[in-house]
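Student: The structure under discussion is supplied below as structure tokens; questions concerning it will follow.
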Amino acid sequence: MSSLDEDQRVSPRCRDKTTVFGNSSDIHELAKHPLQGLQLASHAVLEKAQQNGRLKCSKCGGSRMFFCYTCCSLVGVSNQEIPLIKLPVKIDVIKHPNETDGKSTAIHAKILASSDVTIYTYPCIPEFENDKVVLVFPGPGAVSVQDMMQCLRDRRNNRSRDSSDEPCAKRLKSEEVQGATHTAKNPESGTPDAAKSLESKCYPLQRVVFIDSTWNQTNKISTDERLQGLLQVELKTRKTCFWRRQKGKPDTYLATIEAIYYFLRDFHQDCLTQEYNGEYDNLLFFYSYLHSVVNKAKASAGKC
């Protein structure tokens, strides 16, 4: 059983309390175990599946552990045994065609938040509205999550001023559609008032785009003209703990699932202005388990 689950034996859904580190030795320990303190569902189901070994995917017949990264389906594990997460915004992942499926962490998000995550393989890119969508990717013009919403509103206001010469009837019809979209009740958000409040805080953001690729391959996608008009957002203070670190790249270059998780965490605090209580920690359900397995293997081999 991983260190993340020592206090989670009673129930698959029980959560570990965040660990507080007070002295230098504790901080050093946190550096060694950067995922400690997450509020995760129990990994017991993954431990059992690992003991059972690889199984064939019922759809493609491939030999898989936990899930099939080709079919985006679980293998040896049921939906009832893993955490399922509802996200406040839709996530679109643009995957490089040469990215190895088995090494991609984007599949974690698709399985754990299937209704809110879509994966496209480049050059397939959906149409985006520039004042409703952001691209999480570093660059000279990138803004922080904290500044993102105001930048989107400024873009929307500028577009509204530019279209002020439209005929009144056409403009009214457009505003009615936007209003209907803005106030529509999300059945999974609780009461109509709660849903309206959440949508108001998210507005006008509708989708967040991530690029799934090795960093050496990102240029082809990030420079695509279909993404050029999107506001870029950068996660400047987060550091990766991915076991497949790319040589010559800074530790602020995150794995895809890390980028999705940290974006949502910052979005929850800075844009929804709510205290973060582990709402999206389970996005790292598979990632944290694999991280512990890799570290244990390295320790056994004397590599760490």
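Identifiers for the structure tokens are assigned positionally: chains receive A, B, ... in sequence, residues are indexed from 1 per chain, and ligands are indexed from 1 in the order shown.
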Taking 2 positions as the minimum chain separation for residues in the same chain, which residues sit within 10 Å of A:Ser115 when counting only C-alpha atoms? Answer as a VMD selection string.
Tutor: chain A and resid 84 to 87 90 to 91 110 to 113 117 to 118
Student: Take the residues from that selection and put them in a file with C-alpha atoms, as a CSV table (one decimal), in the first residue's frame.
Tutor:
```
chain,number,residue,atom,x,y,z
A,84,LEU,CA,-15.3,10.4,-11.0
A,85,ILE,CA,-14.9,14.1,-11.1
A,86,LYS,CA,-17.0,17.0,-12.3
A,87,LEU,CA,-15.0,20.0,-13.6
A,90,LYS,CA,-14.6,21.9,-20.3
A,91,ILE,CA,-11.1,20.7,-21.1
A,110,LYS,CA,-10.4,11.6,-19.8
A,111,ILE,CA,-11.1,8.5,-17.7
A,112,LEU,CA,-11.6,10.4,-14.4
A,113,ALA,CA,-13.6,13.3,-15.8
A,117,VAL,CA,-12.6,16.2,-21.2
A,118,THR,CA,-12.1,15.7,-24.9
```
Student: In Å, how far is it from atom CA of A:Leu283 to atom CA of A:Ala49?
Tutor: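 Separation of atom CA of A:Leu283 and atom CA of A:Ala49: 18.9 Å.
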Student: Using only C-alpha atoms, determine which residues lie at most 9 Å from A:Leu46, disregarding the query and same-chain residues fewer than 5 positions distant; provide the list as an NGL selection string.
Tutor: :A and (51 or 66 or 77 or 286 or 289)
Student: Considering only helix (DSSP H, G or I) as DSSP defines it on the backbone, what residues of stretch 41-91 of chain A qualify? List them as a ChimeraX atom specification.
Tutor: /A:44-52,79-81
Student: Just list the residues in stretch 55-181 of chain A DSSP gives strand (DSSP E or B) on the backbone, as an MDAnalysis selection string.
Tutor: chainID A and resid 55:56 63:68 73:75 90:95 117:121 133:136 143
Student: With C-alpha atoms retained, write the just-selected residues as a PDB file, in the first residue's frame.
Tutor:
```
ATOM      1  CA  LEU A  55      -5.396  -7.973 -18.910  1.00  0.00           C
ATOM      2  CA  LYS A  56      -6.695  -7.720 -22.453  1.00  0.00           C
ATOM      3  CA  SER A  63      -2.517  -5.896 -23.022  1.00  0.00           C
ATOM      4  CA  ARG A  64      -3.224  -3.174 -20.456  1.00  0.00           C
ATOM      5  CA  MET A  65      -2.966  -2.307 -16.766  1.00  0.00           C
ATOM      6  CA  PHE A  66      -5.756  -0.237 -15.112  1.00  0.00           C
ATOM      7  CA  PHE A  67      -6.969   1.334 -18.375  1.00  0.00           C
ATOM      8  CA  CYS A  68      -6.597   1.164 -22.135  1.00  0.00           C
ATOM      9  CA  SER A  73     -11.639   2.589 -21.119  1.00  0.00           C
ATOM     10  CA  LEU A  74     -10.944   0.862 -17.817  1.00  0.00           C
ATOM     11  CA  VAL A  75      -9.309  -2.575 -17.736  1.00  0.00           C
ATOM     12  CA  LYS A  90     -14.609  21.914 -20.292  1.00  0.00           C
ATOM     13  CA  ILE A  91     -11.102  20.670 -21.097  1.00  0.00           C
ATOM     14  CA  ASP A  92      -9.845  20.077 -24.651  1.00  0.00           C
ATOM     15  CA  VAL A  93      -6.523  18.285 -25.137  1.00  0.00           C
ATOM     16  CA  ILE A  94      -4.724  18.548 -28.489  1.00  0.00           C
ATOM     17  CA  LYS A  95      -2.478  15.510 -28.742  1.00  0.00           C
ATOM     18  CA  VAL A 117     -12.570  16.185 -21.153  1.00  0.00           C
ATOM     19  CA  THR A 118     -12.126  15.666 -24.901  1.00  0.00           C
ATOM     20  CA  ILE A 119      -8.903  14.529 -26.578  1.00  0.00           C
ATOM     21  CA  TYR A 120      -8.197  15.481 -30.199  1.00  0.00           C
ATOM     22  CA  THR A 121      -5.291  14.193 -32.274  1.00  0.00           C
ATOM     23  CA  VAL A 133     -11.322  29.888 -24.607  1.00  0.00           C
ATOM     24  CA  VAL A 134      -7.762  29.943 -23.240  1.00  0.00           C
ATOM     25  CA  LEU A 135      -4.645  27.945 -24.131  1.00  0.00           C
ATOM     26  CA  VAL A 136      -2.496  26.810 -21.206  1.00  0.00           C
ATOM     27  CA  VAL A 143      -0.882  35.708 -18.374  1.00  0.00           C
TER      28      VAL A 143
END
```
Student: Find the residue from A:Asp116, A:Gly76, A:Pro204, A:Pro126 that sits nearest to A:Val45; use only C-alpha atoms when measuring.
Tutor: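 Once distances to A:Val45 are computed over only C-alpha atoms, the minimum belongs to A:Gly76.
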Student: Check the smallest atom-to-atom distance from each of A:Val209, A:Cys271, A:Asp281, A:Pro140 to A:Gln36 using only C-alpha atoms, then report the winner.
Tutor: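 Looking only at the distances to A:Gln36, the closest residue turns out to be A:Asp281.
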Student: Between atom CA of A:Arg156 and atom CA of A:Asp131, measure the distance and give it in Å to one decimal.
Tutor: 5.5 Å
Student: Which residue gives the smallest distance to A:Arg226 among A:Asn130, A:Asn157, A:Gln274, A:Asn295, with only C-alpha atoms counted?
Tutor: A:Asn130
Student: Could you state the separation of atom CA of A:Leu152 and atom CA of A:Glu199 in Å, given to one decimal place?
Tutor: 14.7 Å
Student: With only C-alpha atoms as the counted atoms, please give the residues lying no more than 12 Å from A:Asp224, apart from itself and same-chain residues fewer than 2 positions off, as an mmCIF file with N, CA and C atoms, in the first residue's frame.
Tutor:
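Final file, around_2.cif:
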```cif
data_model
loop_
_atom_site.group_PDB
_atom_site.id
_atom_site.type_symbol
_atom_site.label_atom_id
_atom_site.label_comp_id
_atom_site.auth_asym_id
_atom_site.auth_seq_id
_atom_site.Cartn_x
_atom_site.Cartn_y
_atom_site.Cartn_z
ATOM 1 N N ILE A 94 -5.189 18.750 -27.118
ATOM 2 C CA ILE A 94 -4.724 18.548 -28.489
ATOM 3 C C ILE A 94 -3.459 17.702 -28.416
ATOM 4 N N TYR A 122 -3.926 15.949 -33.245
ATOM 5 C CA TYR A 122 -3.536 16.937 -34.250
ATOM 6 C C TYR A 122 -3.301 16.253 -35.602
ATOM 7 N N PRO A 123 -3.758 16.833 -36.728
ATOM 8 C CA PRO A 123 -4.174 18.234 -36.902
ATOM 9 C C PRO A 123 -5.643 18.527 -36.640
ATOM 10 N N CYS A 124 -6.371 17.602 -36.019
ATOM 11 C CA CYS A 124 -7.777 17.852 -35.709
ATOM 12 C C CYS A 124 -7.873 18.838 -34.533
ATOM 13 N N ILE A 125 -8.406 20.016 -34.779
ATOM 14 C CA ILE A 125 -8.609 21.041 -33.750
ATOM 15 C C ILE A 125 -10.008 21.618 -33.933
ATOM 16 N N ILE A 211 -1.980 21.231 -24.615
ATOM 17 C CA ILE A 211 -1.251 20.503 -25.648
ATOM 18 C C ILE A 211 -0.582 19.287 -25.010
ATOM 19 N N THR A 218 6.124 20.465 -29.292
ATOM 20 C CA THR A 218 4.977 21.354 -29.072
ATOM 21 C C THR A 218 4.872 22.475 -30.095
ATOM 22 N N ASN A 219 5.997 22.885 -30.681
ATOM 23 C CA ASN A 219 5.998 24.057 -31.560
ATOM 24 C C ASN A 219 5.022 23.918 -32.730
ATOM 25 N N LYS A 220 4.921 22.723 -33.279
ATOM 26 C CA LYS A 220 4.043 22.498 -34.425
ATOM 27 C C LYS A 220 2.595 22.803 -34.071
ATOM 28 N N ILE A 221 2.172 22.434 -32.862
ATOM 29 C CA ILE A 221 0.790 22.662 -32.455
ATOM 30 C C ILE A 221 0.592 24.086 -31.942
ATOM 31 N N SER A 222 1.507 24.556 -31.094
ATOM 32 C CA SER A 222 1.332 25.871 -30.458
ATOM 33 C C SER A 222 1.342 27.013 -31.468
ATOM 34 N N ARG A 226 -4.872 28.220 -35.967
ATOM 35 C CA ARG A 226 -6.171 28.073 -35.299
ATOM 36 C C ARG A 226 -6.090 28.330 -33.800
ATOM 37 N N LEU A 227 -4.883 28.316 -33.244
ATOM 38 C CA LEU A 227 -4.699 28.587 -31.814
ATOM 39 C C LEU A 227 -4.108 29.967 -31.557
ATOM 40 N N GLN A 228 -3.720 30.662 -32.615
ATOM 41 C CA GLN A 228 -2.994 31.915 -32.457
ATOM 42 C C GLN A 228 -3.811 33.010 -31.788
ATOM 43 N N GLY A 229 -5.120 32.992 -31.964
ATOM 44 C CA GLY A 229 -5.939 34.048 -31.373
ATOM 45 C C GLY A 229 -6.311 33.825 -29.925
ATOM 46 N N LEU A 230 -5.955 32.659 -29.370
ATOM 47 C CA LEU A 230 -6.354 32.337 -27.999
ATOM 48 C C LEU A 230 -5.446 33.016 -26.977
#
```
Student: Name all residues at most 12 Å from A:Asp101 (count only C-alpha atoms; drop same-chain ones fewer than 2 positions away) and give them as a list in words.
Tutor: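 These residues fall inside the cut-off: Arg64, Phe67, Cys68, Tyr69, Thr70, Cys71, Cys72, Lys95, His96, Pro97, Asn98, Glu99, Lys103, Ser104, Thr105, Ala106, Ile107, His108, Ile119, Thr121, Asp212, Ser213 and Thr214 of chain A.
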Student: When distances are computed from only C-alpha atoms, which of A:Ala109, A:Cys202, A:Leu38, A:Ala259 shows the smallest separation from A:Arg153?
Tutor: A:Cys202
Student: Name the residues in contact with A:Thr237 at a cut-off of 12 Å, using only C-alpha atoms, excluding same-chain residues fewer than 4 positions from it; report them as a list in words.
Tutor: Pro138, Ser144, Val145, Pro250, Asp251, Thr252, Tyr253, Leu254, Ala259, Tyr262, Phe263 and Asp266 of chain A
